[in-house]
file data.pdb (PDB, C-alpha atoms, pLDDT in the B column)
ATOM      1  CA  MET A   1      -4.537 -20.658   4.890  1.00 90.00           C
ATOM      2  CA  GLN A   2      -2.964 -17.885   2.833  1.00 97.00           C
ATOM      3  CA  LEU A   3      -4.321 -14.408   3.532  1.00 98.00           C
ATOM      4  CA  PHE A   4      -3.856 -11.194   1.575  1.00 98.00           C
ATOM      5  CA  ASP A   5      -4.166  -7.821   3.289  1.00 98.00           C
ATOM      6  CA  ALA A   6      -5.780  -5.789   0.514  1.00 98.00           C
ATOM      7  CA  HIS A   7      -4.979  -2.372   1.997  1.00 98.00           C
ATOM      8  CA  CYS A   8      -2.442  -1.211   4.561  1.00 98.00           C
ATOM      9  CA  HIS A   9       0.146   1.501   5.155  1.00 98.00           C
ATOM     10  CA  LEU A  10       3.291  -0.280   6.253  1.00 98.00           C
ATOM     11  CA  GLN A  11       5.353   2.844   5.566  1.00 98.00           C
ATOM     12  CA  ASP A  12       3.561   4.660   8.390  1.00 97.00           C
ATOM     13  CA  GLU A  13       5.826   5.879  11.193  1.00 96.00           C
ATOM     14  CA  LYS A  14       3.665   3.999  13.721  1.00 97.00           C
ATOM     15  CA  LEU A  15       4.972   0.732  12.230  1.00 97.00           C
ATOM     16  CA  ALA A  16       8.378   1.751  10.926  1.00 88.00           C
ATOM     17  CA  GLY A  17      10.216   1.149  14.195  1.00 90.00           C
ATOM     18  CA  ASP A  18       9.364  -2.557  14.243  1.00 96.00           C
ATOM     19  CA  LEU A  19       8.571  -3.338  10.626  1.00 97.00           C
ATOM     20  CA  ALA A  20      10.581  -6.577  10.630  1.00 97.00           C
ATOM     21  CA  GLY A  21       8.575  -7.719  13.638  1.00 98.00           C
ATOM     22  CA  VAL A  22       5.323  -6.629  12.011  1.00 98.00           C
ATOM     23  CA  MET A  23       6.099  -8.690   8.922  1.00 98.00           C
ATOM     24  CA  ALA A  24       7.227 -11.704  10.942  1.00 98.00           C
ATOM     25  CA  ARG A  25       3.989 -11.677  12.936  1.00 98.00           C
ATOM     26  CA  ALA A  26       2.015 -11.331   9.701  1.00 98.00           C
ATOM     27  CA  ALA A  27       3.730 -14.366   8.192  1.00 98.00           C
ATOM     28  CA  ALA A  28       3.114 -16.378  11.359  1.00 98.00           C
ATOM     29  CA  ALA A  29      -0.587 -15.496  11.125  1.00 98.00           C
ATOM     30  CA  GLY A  30      -0.778 -16.706   7.519  1.00 98.00           C
ATOM     31  CA  VAL A  31      -0.675 -13.295   5.846  1.00 98.00           C
ATOM     32  CA  ALA A  32       1.357 -14.113   2.757  1.00 98.00           C
ATOM     33  CA  GLY A  33       0.719 -10.924   0.827  1.00 98.00           C
ATOM     34  CA  ALA A  34      -0.213  -7.292   1.361  1.00 98.00           C
ATOM     35  CA  MET A  35      -0.984  -4.215  -0.690  1.00 98.00           C
ATOM     36  CA  CYS A  36       0.825  -1.230   0.825  1.00 98.00           C
ATOM     37  CA  CYS A  37      -0.632   2.074  -0.357  1.00 98.00           C
ATOM     38  CA  GLY A  38       1.165   5.385  -0.522  1.00 98.00           C
ATOM     39  CA  SER A  39      -1.066   8.367   0.192  1.00 97.00           C
ATOM     40  CA  ALA A  40       1.039  11.489  -0.309  1.00 97.00           C
ATOM     41  CA  GLU A  41       4.059  12.612  -2.280  1.00 97.00           C
ATOM     42  CA  SER A  42       6.020  12.572   0.964  1.00 96.00           C
ATOM     43  CA  ASP A  43       5.575   8.816   1.515  1.00 97.00           C
ATOM     44  CA  TRP A  44       5.916   7.413  -1.997  1.00 98.00           C
ATOM     45  CA  SER A  45       9.635   6.670  -1.597  1.00 97.00           C
ATOM     46  CA  ALA A  46       9.090   5.009   1.782  1.00 97.00           C
ATOM     47  CA  THR A  47       6.278   2.892   0.334  1.00 98.00           C
ATOM     48  CA  LEU A  48       8.539   1.643  -2.443  1.00 98.00           C
ATOM     49  CA  ALA A  49      11.289   0.927   0.092  1.00 97.00           C
ATOM     50  CA  VAL A  50       8.961  -1.347   2.079  1.00 97.00           C
ATOM     51  CA  ALA A  51       8.275  -3.431  -1.013  1.00 96.00           C
ATOM     52  CA  GLY A  52      11.969  -3.535  -1.787  1.00 96.00           C
ATOM     53  CA  ASN A  53      12.694  -5.016   1.623  1.00 97.00           C
ATOM     54  CA  PHE A  54       9.752  -7.433   1.850  1.00 97.00           C
ATOM     55  CA  PRO A  55       8.932  -9.488  -1.262  1.00 96.00           C
ATOM     56  CA  ALA A  56       5.407 -10.331  -0.038  1.00 96.00           C
ATOM     57  CA  VAL A  57       4.435  -6.662  -0.241  1.00 98.00           C
ATOM     58  CA  ARG A  58       2.889  -5.093  -3.327  1.00 98.00           C
ATOM     59  CA  VAL A  59       2.607  -1.310  -3.623  1.00 98.00           C
ATOM     60  CA  SER A  60       0.279   1.341  -4.936  1.00 98.00           C
ATOM     61  CA  LEU A  61       1.148   5.025  -5.163  1.00 98.00           C
ATOM     62  CA  GLY A  62      -1.350   7.851  -5.156  1.00 98.00           C
ATOM     63  CA  LEU A  63      -2.512  11.154  -3.745  1.00 98.00           C
ATOM     64  CA  HIS A  64      -5.185  10.686  -1.075  1.00 98.00           C
ATOM     65  CA  PRO A  65      -7.953  13.320  -0.878  1.00 97.00           C
ATOM     66  CA  TRP A  66      -6.743  14.330   2.593  1.00 96.00           C
ATOM     67  CA  TYR A  67      -3.436  15.508   1.112  1.00 97.00           C
ATOM     68  CA  VAL A  68      -4.643  17.246  -2.038  1.00 97.00           C
ATOM     69  CA  ALA A  69      -3.974  20.727  -0.641  1.00 94.00           C
ATOM     70  CA  ALA A  70      -0.324  19.838   0.036  1.00 94.00           C
ATOM     71  CA  ARG A  71       0.429  18.658  -3.487  1.00 96.00           C
ATOM     72  CA  GLN A  72       3.404  20.189  -5.270  1.00 97.00           C
ATOM     73  CA  PRO A  73       3.603  21.470  -8.853  1.00 97.00           C
ATOM     74  CA  GLY A  74       4.309  18.579 -11.177  1.00 98.00           C
ATOM     75  CA  TRP A  75       2.950  15.964  -8.747  1.00 98.00           C
ATOM     76  CA  LEU A  76       1.132  14.040 -11.475  1.00 98.00           C
ATOM     77  CA  ASP A  77       4.228  13.914 -13.688  1.00 98.00           C
ATOM     78  CA  ARG A  78       6.243  12.643 -10.737  1.00 98.00           C
ATOM     79  CA  LEU A  79       3.661   9.956 -10.074  1.00 98.00           C
ATOM     80  CA  ARG A  80       3.708   8.903 -13.720  1.00 98.00           C
ATOM     81  CA  THR A  81       7.511   8.693 -13.660  1.00 98.00           C
ATOM     82  CA  LEU A  82       7.508   6.506 -10.546  1.00 98.00           C
ATOM     83  CA  LEU A  83       4.880   4.218 -12.005  1.00 98.00           C
ATOM     84  CA  ALA A  84       6.897   3.850 -15.197  1.00 98.00           C
ATOM     85  CA  ALA A  85       9.897   2.836 -13.105  1.00 98.00           C
ATOM     86  CA  HIS A  86       7.815   0.334 -11.100  1.00 97.00           C
ATOM     87  CA  PRO A  87       5.602  -1.510 -13.597  1.00 97.00           C
ATOM     88  CA  ARG A  88       4.006  -3.748 -10.933  1.00 96.00           C
ATOM     89  CA  ALA A  89       2.791  -0.823  -8.830  1.00 98.00           C
ATOM     90  CA  GLY A  90      -0.883   0.054  -8.651  1.00 98.00           C
ATOM     91  CA  ILE A  91      -2.421   3.505  -8.229  1.00 98.00           C
ATOM     92  CA  GLY A  92      -3.758   4.475  -4.816  1.00 98.00           C
ATOM     93  CA  GLU A  93      -4.772   5.491  -2.370  1.00 98.00           C
ATOM     94  CA  ILE A  94      -6.912   7.912  -4.339  1.00 98.00           C
ATOM     95  CA  GLY A  95     -10.512   8.939  -3.988  1.00 98.00           C
ATOM     96  CA  LEU A  96     -13.247  11.259  -2.795  1.00 98.00           C
ATOM     97  CA  ASP A  97     -13.990  12.418   0.742  1.00 97.00           C
ATOM     98  CA  HIS A  98     -17.011  14.661   1.227  1.00 96.00           C
ATOM     99  CA  ALA A  99     -16.732  14.436   5.022  1.00 94.00           C
ATOM    100  CA  LEU A 100     -13.669  16.692   5.155  1.00 93.00           C
ATOM    101  CA  GLU A 101     -14.291  20.136   6.583  1.00 90.00           C
ATOM    102  CA  ASP A 102     -13.456  23.110   4.366  1.00 86.00           C
ATOM    103  CA  ALA A 103     -12.398  20.836   1.517  1.00 88.00           C
ATOM    104  CA  ASP A 104     -12.087  22.167  -2.022  1.00 94.00           C
ATOM    105  CA  LEU A 105     -14.274  19.462  -3.508  1.00 96.00           C
ATOM    106  CA  ALA A 106     -13.794  20.595  -7.102  1.00 97.00           C
ATOM    107  CA  THR A 107     -10.018  20.283  -6.811  1.00 97.00           C
ATOM    108  CA  GLN A 108     -10.305  17.026  -4.889  1.00 97.00           C
ATOM    109  CA  GLU A 109     -12.479  15.637  -7.654  1.00 98.00           C
ATOM    110  CA  GLN A 110     -10.096  16.697 -10.418  1.00 98.00           C
ATOM    111  CA  VAL A 111      -7.132  15.115  -8.619  1.00 98.00           C
ATOM    112  CA  PHE A 112      -9.118  11.894  -8.325  1.00 98.00           C
ATOM    113  CA  LEU A 113     -10.163  11.962 -11.983  1.00 98.00           C
ATOM    114  CA  ASP A 114      -6.595  12.580 -13.154  1.00 98.00           C
ATOM    115  CA  GLN A 115      -5.348   9.562 -11.189  1.00 98.00           C
ATOM    116  CA  PHE A 116      -8.211   7.259 -12.097  1.00 98.00           C
ATOM    117  CA  ALA A 117      -7.680   8.117 -15.758  1.00 98.00           C
ATOM    118  CA  LEU A 118      -3.971   7.367 -15.329  1.00 98.00           C
ATOM    119  CA  SER A 119      -4.777   3.962 -13.844  1.00 98.00           C
ATOM    120  CA  ILE A 120      -6.862   3.159 -16.908  1.00 97.00           C
ATOM    121  CA  GLU A 121      -4.219   4.470 -19.308  1.00 97.00           C
ATOM    122  CA  LEU A 122      -1.463   2.421 -17.659  1.00 97.00           C
ATOM    123  CA  GLN A 123      -3.753  -0.550 -16.960  1.00 97.00           C
ATOM    124  CA  ARG A 124      -2.923  -0.577 -13.256  1.00 98.00           C
ATOM    125  CA  PRO A 125      -5.366  -1.563 -10.487  1.00 98.00           C
ATOM    126  CA  ALA A 126      -6.624   1.399  -8.460  1.00 98.00           C
ATOM    127  CA  SER A 127      -7.291   1.550  -4.706  1.00 98.00           C
ATOM    128  CA  LEU A 128     -10.068   3.994  -3.826  1.00 98.00           C
ATOM    129  CA  HIS A 129     -11.044   5.843  -0.664  1.00 98.00           C
ATOM    130  CA  CYS A 130     -14.684   6.937  -0.678  1.00 98.00           C
ATOM    131  CA  ARG A 131     -16.374   8.580   2.281  1.00 97.00           C
ATOM    132  CA  ARG A 132     -19.847  10.133   2.049  1.00 96.00           C
ATOM    133  CA  ALA A 133     -19.308  10.461  -1.697  1.00 97.00           C
ATOM    134  CA  PHE A 134     -20.721   7.283  -3.201  1.00 98.00           C
ATOM    135  CA  GLY A 135     -23.428   9.109  -5.106  1.00 96.00           C
ATOM    136  CA  ARG A 136     -20.863  11.344  -6.760  1.00 97.00           C
ATOM    137  CA  LEU A 137     -18.579   8.388  -7.464  1.00 98.00           C
ATOM    138  CA  LEU A 138     -21.407   6.650  -9.302  1.00 97.00           C
ATOM    139  CA  GLU A 139     -21.975   9.820 -11.325  1.00 97.00           C
ATOM    140  CA  LEU A 140     -18.302  10.041 -12.309  1.00 97.00           C
ATOM    141  CA  LEU A 141     -17.519   6.423 -13.189  1.00 97.00           C
ATOM    142  CA  PRO A 142     -19.659   6.252 -16.375  1.00 95.00           C
ATOM    143  CA  ARG A 143     -17.397   8.800 -18.078  1.00 94.00           C
ATOM    144  CA  PHE A 144     -14.722   6.083 -18.137  1.00 95.00           C
ATOM    145  CA  GLY A 145     -14.917   2.887 -20.092  1.00 87.00           C
ATOM    146  CA  ALA A 146     -14.434  -0.481 -18.474  1.00 88.00           C
ATOM    147  CA  HIS A 147     -11.349  -0.398 -16.293  1.00 94.00           C
ATOM    148  CA  PRO A 148      -8.887  -2.874 -17.851  1.00 95.00           C
ATOM    149  CA  ALA A 149      -7.200  -3.675 -14.531  1.00 96.00           C
ATOM    150  CA  GLY A 150     -10.035  -3.158 -12.058  1.00 97.00           C
ATOM    151  CA  PHE A 151     -10.344  -1.120  -8.883  1.00 98.00           C
ATOM    152  CA  VAL A 152     -11.133  -1.705  -5.227  1.00 98.00           C
ATOM    153  CA  ILE A 153     -13.034   0.486  -2.794  1.00 98.00           C
ATOM    154  CA  HIS A 154     -11.125   0.004   0.416  1.00 98.00           C
ATOM    155  CA  SER A 155     -12.765  -0.202   3.857  1.00 98.00           C
ATOM    156  CA  PHE A 156     -16.111  -0.127   2.091  1.00 98.00           C
ATOM    157  CA  SER A 157     -18.660   1.872   4.080  1.00 96.00           C
ATOM    158  CA  GLY A 158     -21.482   2.158   1.591  1.00 97.00           C
ATOM    159  CA  ALA A 159     -24.930   0.644   1.841  1.00 98.00           C
ATOM    160  CA  ALA A 160     -25.723  -2.805   0.469  1.00 98.00           C
ATOM    161  CA  GLU A 161     -27.803  -1.168  -2.275  1.00 98.00           C
ATOM    162  CA  LEU A 162     -24.654   0.421  -3.708  1.00 98.00           C
ATOM    163  CA  VAL A 163     -22.881  -2.878  -4.253  1.00 98.00           C
ATOM    164  CA  ALA A 164     -24.642  -3.919  -7.468  1.00 97.00           C
ATOM    165  CA  PRO A 165     -24.209  -0.631  -9.397  1.00 96.00           C
ATOM    166  CA  LEU A 166     -20.586  -0.353  -8.329  1.00 97.00           C
ATOM    167  CA  ALA A 167     -19.886  -3.988  -9.184  1.00 96.00           C
ATOM    168  CA  ARG A 168     -21.267  -3.357 -12.669  1.00 94.00           C
ATOM    169  CA  ARG A 169     -18.563  -0.711 -13.006  1.00 94.00           C
ATOM    170  CA  GLY A 170     -15.892  -3.272 -12.135  1.00 93.00           C
ATOM    171  CA  ALA A 171     -15.462  -2.594  -8.427  1.00 97.00           C
ATOM    172  CA  TYR A 172     -14.049  -4.937  -5.830  1.00 98.00           C
ATOM    173  CA  PHE A 173     -15.015  -4.304  -2.205  1.00 98.00           C
ATOM    174  CA  SER A 174     -12.590  -4.567   0.692  1.00 98.00           C
ATOM    175  CA  PHE A 175     -13.755  -4.740   4.309  1.00 98.00           C
ATOM    176  CA  SER A 176     -11.726  -3.720   7.346  1.00 98.00           C
ATOM    177  CA  GLY A 177     -11.885  -4.189  11.097  1.00 98.00           C
ATOM    178  CA  SER A 178     -15.134  -2.238  11.242  1.00 97.00           C
ATOM    179  CA  ILE A 179     -17.009  -5.439  10.393  1.00 98.00           C
ATOM    180  CA  THR A 180     -15.839  -6.997  13.668  1.00 98.00           C
ATOM    181  CA  ARG A 181     -18.039  -4.503  15.533  1.00 97.00           C
ATOM    182  CA  SER A 182     -21.372  -6.074  16.458  1.00 96.00           C
ATOM    183  CA  GLY A 183     -23.301  -2.849  15.901  1.00 96.00           C
ATOM    184  CA  ASN A 184     -22.109  -2.295  12.334  1.00 98.00           C
ATOM    185  CA  ARG A 185     -25.302  -3.503  10.681  1.00 98.00           C
ATOM    186  CA  ARG A 186     -24.732  -1.436   7.549  1.00 97.00           C
ATOM    187  CA  GLY A 187     -21.291  -2.974   7.012  1.00 98.00           C
ATOM    188  CA  HIS A 188     -22.537  -6.470   7.721  1.00 98.00           C
ATOM    189  CA  ALA A 189     -25.352  -6.127   5.185  1.00 98.00           C
ATOM    190  CA  ALA A 190     -22.953  -4.748   2.573  1.00 98.00           C
ATOM    191  CA  LEU A 191     -20.479  -7.576   3.087  1.00 98.00           C
ATOM    192  CA  ARG A 192     -23.231 -10.148   2.571  1.00 98.00           C
ATOM    193  CA  ALA A 193     -24.322  -8.364  -0.628  1.00 98.00           C
ATOM    194  CA  VAL A 194     -20.935  -8.429  -2.361  1.00 98.00           C
ATOM    195  CA  PRO A 195     -20.477 -11.132  -5.012  1.00 98.00           C
ATOM    196  CA  VAL A 196     -17.948 -13.577  -3.605  1.00 98.00           C
ATOM    197  CA  ASP A 197     -15.596 -13.062  -6.546  1.00 98.00           C
ATOM    198  CA  ARG A 198     -15.459  -9.314  -5.760  1.00 98.00           C
ATOM    199  CA  LEU A 199     -14.753  -9.583  -2.039  1.00 98.00           C
ATOM    200  CA  LEU A 200     -11.523  -8.642  -0.250  1.00 99.00           C
ATOM    201  CA  ILE A 201     -10.461  -7.979   3.344  1.00 99.00           C
ATOM    202  CA  GLU A 202      -7.887  -5.587   4.785  1.00 98.00           C
ATOM    203  CA  THR A 203      -6.489  -4.164   7.989  1.00 98.00           C
ATOM    204  CA  ASP A 204      -5.869  -0.558   6.885  1.00 98.00           C
ATOM    205  CA  ALA A 205      -2.942  -0.822   9.319  1.00 98.00           C
ATOM    206  CA  PRO A 206      -1.936   1.054  11.368  1.00 98.00           C
ATOM    207  CA  ASP A 207      -5.557   2.228  11.698  1.00 97.00           C
ATOM    208  CA  LEU A 208      -8.961   0.567  12.232  1.00 96.00           C
ATOM    209  CA  MET A 209      -7.981  -1.974  14.860  1.00 98.00           C
ATOM    210  CA  PRO A 210     -10.487  -4.849  14.877  1.00 98.00           C
ATOM    211  CA  VAL A 211     -12.296  -6.156  17.926  1.00 97.00           C
ATOM    212  CA  ILE A 212     -10.117  -8.878  19.481  1.00 96.00           C
ATOM    213  CA  ALA A 213     -11.299 -11.027  22.392  1.00 91.00           C
ATOM    214  CA  GLY A 214     -14.223  -8.724  23.028  1.00 93.00           C
ATOM    215  CA  GLY A 215     -12.316  -5.442  22.962  1.00 95.00           C
ATOM    216  CA  VAL A 216     -10.237  -3.117  20.838  1.00 94.00           C
ATOM    217  CA  PRO A 217      -6.564  -3.306  21.894  1.00 93.00           C
ATOM    218  CA  ASP A 218      -4.366  -0.256  22.275  1.00 90.00           C
ATOM    219  CA  GLY A 219      -1.529   0.294  19.856  1.00 87.00           C
ATOM    220  CA  PRO A 220      -1.281   0.349  16.088  1.00 97.00           C
ATOM    221  CA  ASN A 221      -3.107  -2.162  13.958  1.00 98.00           C
ATOM    222  CA  GLU A 222      -0.995  -4.513  11.834  1.00 98.00           C
ATOM    223  CA  PRO A 223      -1.503  -7.172   9.132  1.00 98.00           C
ATOM    224  CA  ALA A 224      -1.342 -10.079  11.611  1.00 98.00           C
ATOM    225  CA  HIS A 225      -4.768  -8.960  12.834  1.00 98.00           C
ATOM    226  CA  LEU A 226      -6.295  -9.835   9.454  1.00 98.00           C
ATOM    227  CA  VAL A 227      -7.266 -13.235  10.879  1.00 98.00           C
ATOM    228  CA  HIS A 228      -9.886 -11.544  13.085  1.00 98.00           C
ATOM    229  CA  ILE A 229     -11.422  -9.826  10.079  1.00 98.00           C
ATOM    230  CA  LEU A 230     -11.476 -13.123   8.189  1.00 98.00           C
ATOM    231  CA  ARG A 231     -13.245 -14.756  11.115  1.00 98.00           C
ATOM    232  CA  ALA A 232     -15.933 -12.071  11.171  1.00 98.00           C
ATOM    233  CA  ALA A 233     -16.381 -12.156   7.389  1.00 98.00           C
ATOM    234  CA  ALA A 234     -16.680 -15.948   7.341  1.00 98.00           C
ATOM    235  CA  ALA A 235     -19.334 -15.842  10.058  1.00 98.00           C
ATOM    236  CA  LEU A 236     -21.314 -13.170   8.207  1.00 98.00           C
ATOM    237  CA  ARG A 237     -21.124 -15.134   4.942  1.00 98.00           C
ATOM    238  CA  ALA A 238     -21.806 -18.462   6.701  1.00 98.00           C
ATOM    239  CA  MET A 239     -18.699 -19.955   5.082  1.00 98.00           C
ATOM    240  CA  PRO A 240     -15.829 -22.013   6.517  1.00 98.00           C
ATOM    241  CA  GLU A 241     -12.861 -19.740   7.179  1.00 98.00           C
ATOM    242  CA  ALA A 242     -10.514 -21.809   5.020  1.00 98.00           C
ATOM    243  CA  THR A 243     -12.950 -21.766   2.085  1.00 98.00           C
ATOM    244  CA  LEU A 244     -13.397 -18.001   2.281  1.00 98.00           C
ATOM    245  CA  ALA A 245      -9.656 -17.424   2.744  1.00 98.00           C
ATOM    246  CA  ALA A 246      -8.917 -19.338  -0.474  1.00 98.00           C
ATOM    247  CA  ARG A 247     -11.516 -17.326  -2.366  1.00 98.00           C
ATOM    248  CA  LEU A 248     -10.172 -14.033  -1.015  1.00 98.00           C
ATOM    249  CA  TRP A 249      -6.610 -14.972  -1.947  1.00 98.00           C
ATOM    250  CA  ASP A 250      -7.701 -15.730  -5.505  1.00 98.00           C
ATOM    251  CA  ASN A 251      -9.580 -12.422  -5.700  1.00 98.00           C
ATOM    252  CA  ALA A 252      -6.522 -10.484  -4.558  1.00 98.00           C
ATOM    253  CA  GLN A 253      -4.340 -12.210  -7.113  1.00 98.00           C
ATOM    254  CA  ALA A 254      -6.882 -11.534  -9.864  1.00 98.00           C
ATOM    255  CA  LEU A 255      -6.901  -7.824  -9.040  1.00 98.00           C
ATOM    256  CA  PHE A 256      -3.348  -7.059  -7.983  1.00 97.00           C
ATOM    257  CA  SER A 257      -1.335  -9.498 -10.125  1.00 90.00           C
ATOM    258  CA  ARG A 258      -2.692  -8.687 -13.574  1.00 71.00           C
TER     259      ARG A 258
END
call {"tool": "encode", "arguments": {"input": "data.pdb", "output": "structure tokens"}}
result
Amino acid sequence: MQLFDAHCHLQDEKLAGDLAGVMARAAAAGVAGAMCCGSAESDWSATLAVAGNFPAVRVSLGLHPWYVAARQPGWLDRLRTLLAAHPRAGIGEIGLDHALEDADLATQEQVFLDQFALSIELQRPASLHCRRAFGRLLELLPRFGAHPAGFVIHSFSGAAELVAPLARRGAYFSFSGSITRSGNRRGHAALRAVPVDRLLIETDAPDLMPVIAGGVPDGPNEPAHLVHILRAAAALRAMPEATLAARLWDNAQALFSR
């Protein structure tokens, strides 16, 4: 089986000390590709360096809603320049997060809109973070036409009822280690509701460690653990793991290799 980790942060300092080992373990587990997402101006260079050192890694660059307040003047121009220099790079991690305390939601929204518009202009796939903001996301998306390259909502946490309206807007849906938790009924229902050609899985490494052998191990998550998420997804979809893995690989290539 070939697996694609649709969202991770390999540039994170929690993984940097043993990145060669992380990638070797991923390859041994069948993870043949990964989308590594930059989240702040301060990690864009490191994100690009990971892809330069590991050919299986694709990259996206963006300003995450958690880091909006730390943005520097000219950040959007810098992002545009980097994307021009790296024509295979996507845009992300970008998005909306209404769960943040004391957040300037108007500014957060404008930063998201600027980047989503840029992804459409440049025809690059976008990787979205959305937390407690799905209603607002659905209000914003109609102002854009059809996204020529598509977008994915990573670690999807919305209700099953949101899948159809978001899919009509061109969304893919990526599920993380949260679906390995037996009590995550909302996530399980959403995963079953996603059209199979819009489904992806991810680790969100180094975060969101999946349940492994009945427990959640200590230490950072890494792409090799994607096999546990595949196993849970296959069980929830009542599909053979190999069949689902092939479908997920094709979906990742359709989104990230356009």
call {"tool": "atom_distance", "arguments": {"input": "data.pdb", "atom1": "atom CA of A:Leu83", "atom2": "atom CA of A:Leu255"}}
result
17.1 Å
call {"tool": "resolve_selection", "arguments": {"input": "data.pdb", "expression": "the PyMOL selection byres ((chain A and resi 24-28) around 9)", "output": "list in words"}}
result
Leu19, Ala20, Gly21, Val22, Met23, Ala29, Gly30, Val31, Ala32, Gly33, Glu222, Pro223, Ala224, His225 and Leu226 of chain A
call {"tool": "resolve_selection", "arguments": {"input": "data.pdb", "expression": "the PyMOL selection byres ((chain A and resi 121-136) around 6)", "output": "PyMOL selection string"}}
result
chain A and resi 90-98+118-120+137-139+148-154
call {"tool": "resolve_selection", "arguments": {"input": "data.pdb", "expression": "the PyMOL selection byres ((chain A and resi 171-184) around 7)", "output": "list in words"}}
result
Ala6, Gly150, Phe151, Val152, Ile153, His154, Ser155, Phe156, Leu166, Ala167, Arg169, Gly170, Arg185, Arg186, Gly187, His188, Arg198, Leu199, Leu200, Ile201, Glu202, Thr203, Asp204, Leu208, Met209, Pro210, Val211, Ile229 and Ala232 of chain A
call {"tool": "write_last_selection", "arguments": {"input": "data.pdb", "atoms": "C-alpha atoms", "output": "PDB file, in the coordinates of the input"}}
result
ATOM      1  CA  ALA A   6      -5.780  -5.789   0.514  1.00 98.00           C
ATOM      2  CA  GLY A 150     -10.035  -3.158 -12.058  1.00 97.00           C
ATOM      3  CA  PHE A 151     -10.344  -1.120  -8.883  1.00 98.00           C
ATOM      4  CA  VAL A 152     -11.133  -1.705  -5.227  1.00 98.00           C
ATOM      5  CA  ILE A 153     -13.034   0.486  -2.794  1.00 98.00           C
ATOM      6  CA  HIS A 154     -11.125   0.004   0.416  1.00 98.00           C
ATOM      7  CA  SER A 155     -12.765  -0.202   3.857  1.00 98.00           C
ATOM      8  CA  PHE A 156     -16.111  -0.127   2.091  1.00 98.00           C
ATOM      9  CA  LEU A 166     -20.586  -0.353  -8.329  1.00 97.00           C
ATOM     10  CA  ALA A 167     -19.886  -3.988  -9.184  1.00 96.00           C
ATOM     11  CA  ARG A 169     -18.563  -0.711 -13.006  1.00 94.00           C
ATOM     12  CA  GLY A 170     -15.892  -3.272 -12.135  1.00 93.00           C
ATOM     13  CA  ARG A 185     -25.302  -3.503  10.681  1.00 98.00           C
ATOM     14  CA  ARG A 186     -24.732  -1.436   7.549  1.00 97.00           C
ATOM     15  CA  GLY A 187     -21.291  -2.974   7.012  1.00 98.00           C
ATOM     16  CA  HIS A 188     -22.537  -6.470   7.721  1.00 98.00           C
ATOM     17  CA  ARG A 198     -15.459  -9.314  -5.760  1.00 98.00           C
ATOM     18  CA  LEU A 199     -14.753  -9.583  -2.039  1.00 98.00           C
ATOM     19  CA  LEU A 200     -11.523  -8.642  -0.250  1.00 99.00           C
ATOM     20  CA  ILE A 201     -10.461  -7.979   3.344  1.00 99.00           C
ATOM     21  CA  GLU A 202      -7.887  -5.587   4.785  1.00 98.00           C
ATOM     22  CA  THR A 203      -6.489  -4.164   7.989  1.00 98.00           C
ATOM     23  CA  ASP A 204      -5.869  -0.558   6.885  1.00 98.00           C
ATOM     24  CA  LEU A 208      -8.961   0.567  12.232  1.00 96.00           C
ATOM     25  CA  MET A 209      -7.981  -1.974  14.860  1.00 98.00           C
ATOM     26  CA  PRO A 210     -10.487  -4.849  14.877  1.00 98.00           C
ATOM     27  CA  VAL A 211     -12.296  -6.156  17.926  1.00 97.00           C
ATOM     28  CA  ILE A 229     -11.422  -9.826  10.079  1.00 98.00           C
ATOM     29  CA  ALA A 232     -15.933 -12.071  11.171  1.00 98.00           C
TER      30      ALA A 232
END
call {"tool": "closest_residue", "arguments": {"input": "data.pdb", "among": "A:Leu141, A:Gly215, A:Phe54, A:Val68", "to": "A:Leu105", "atoms": "only C-alpha atoms"}}
result
A:Val68
call {"tool": "atom_distance", "arguments": {"input": "data.pdb", "atom1": "atom CA of A:Ala254", "atom2": "atom CA of A:Phe144"}}
result
21.0 Å
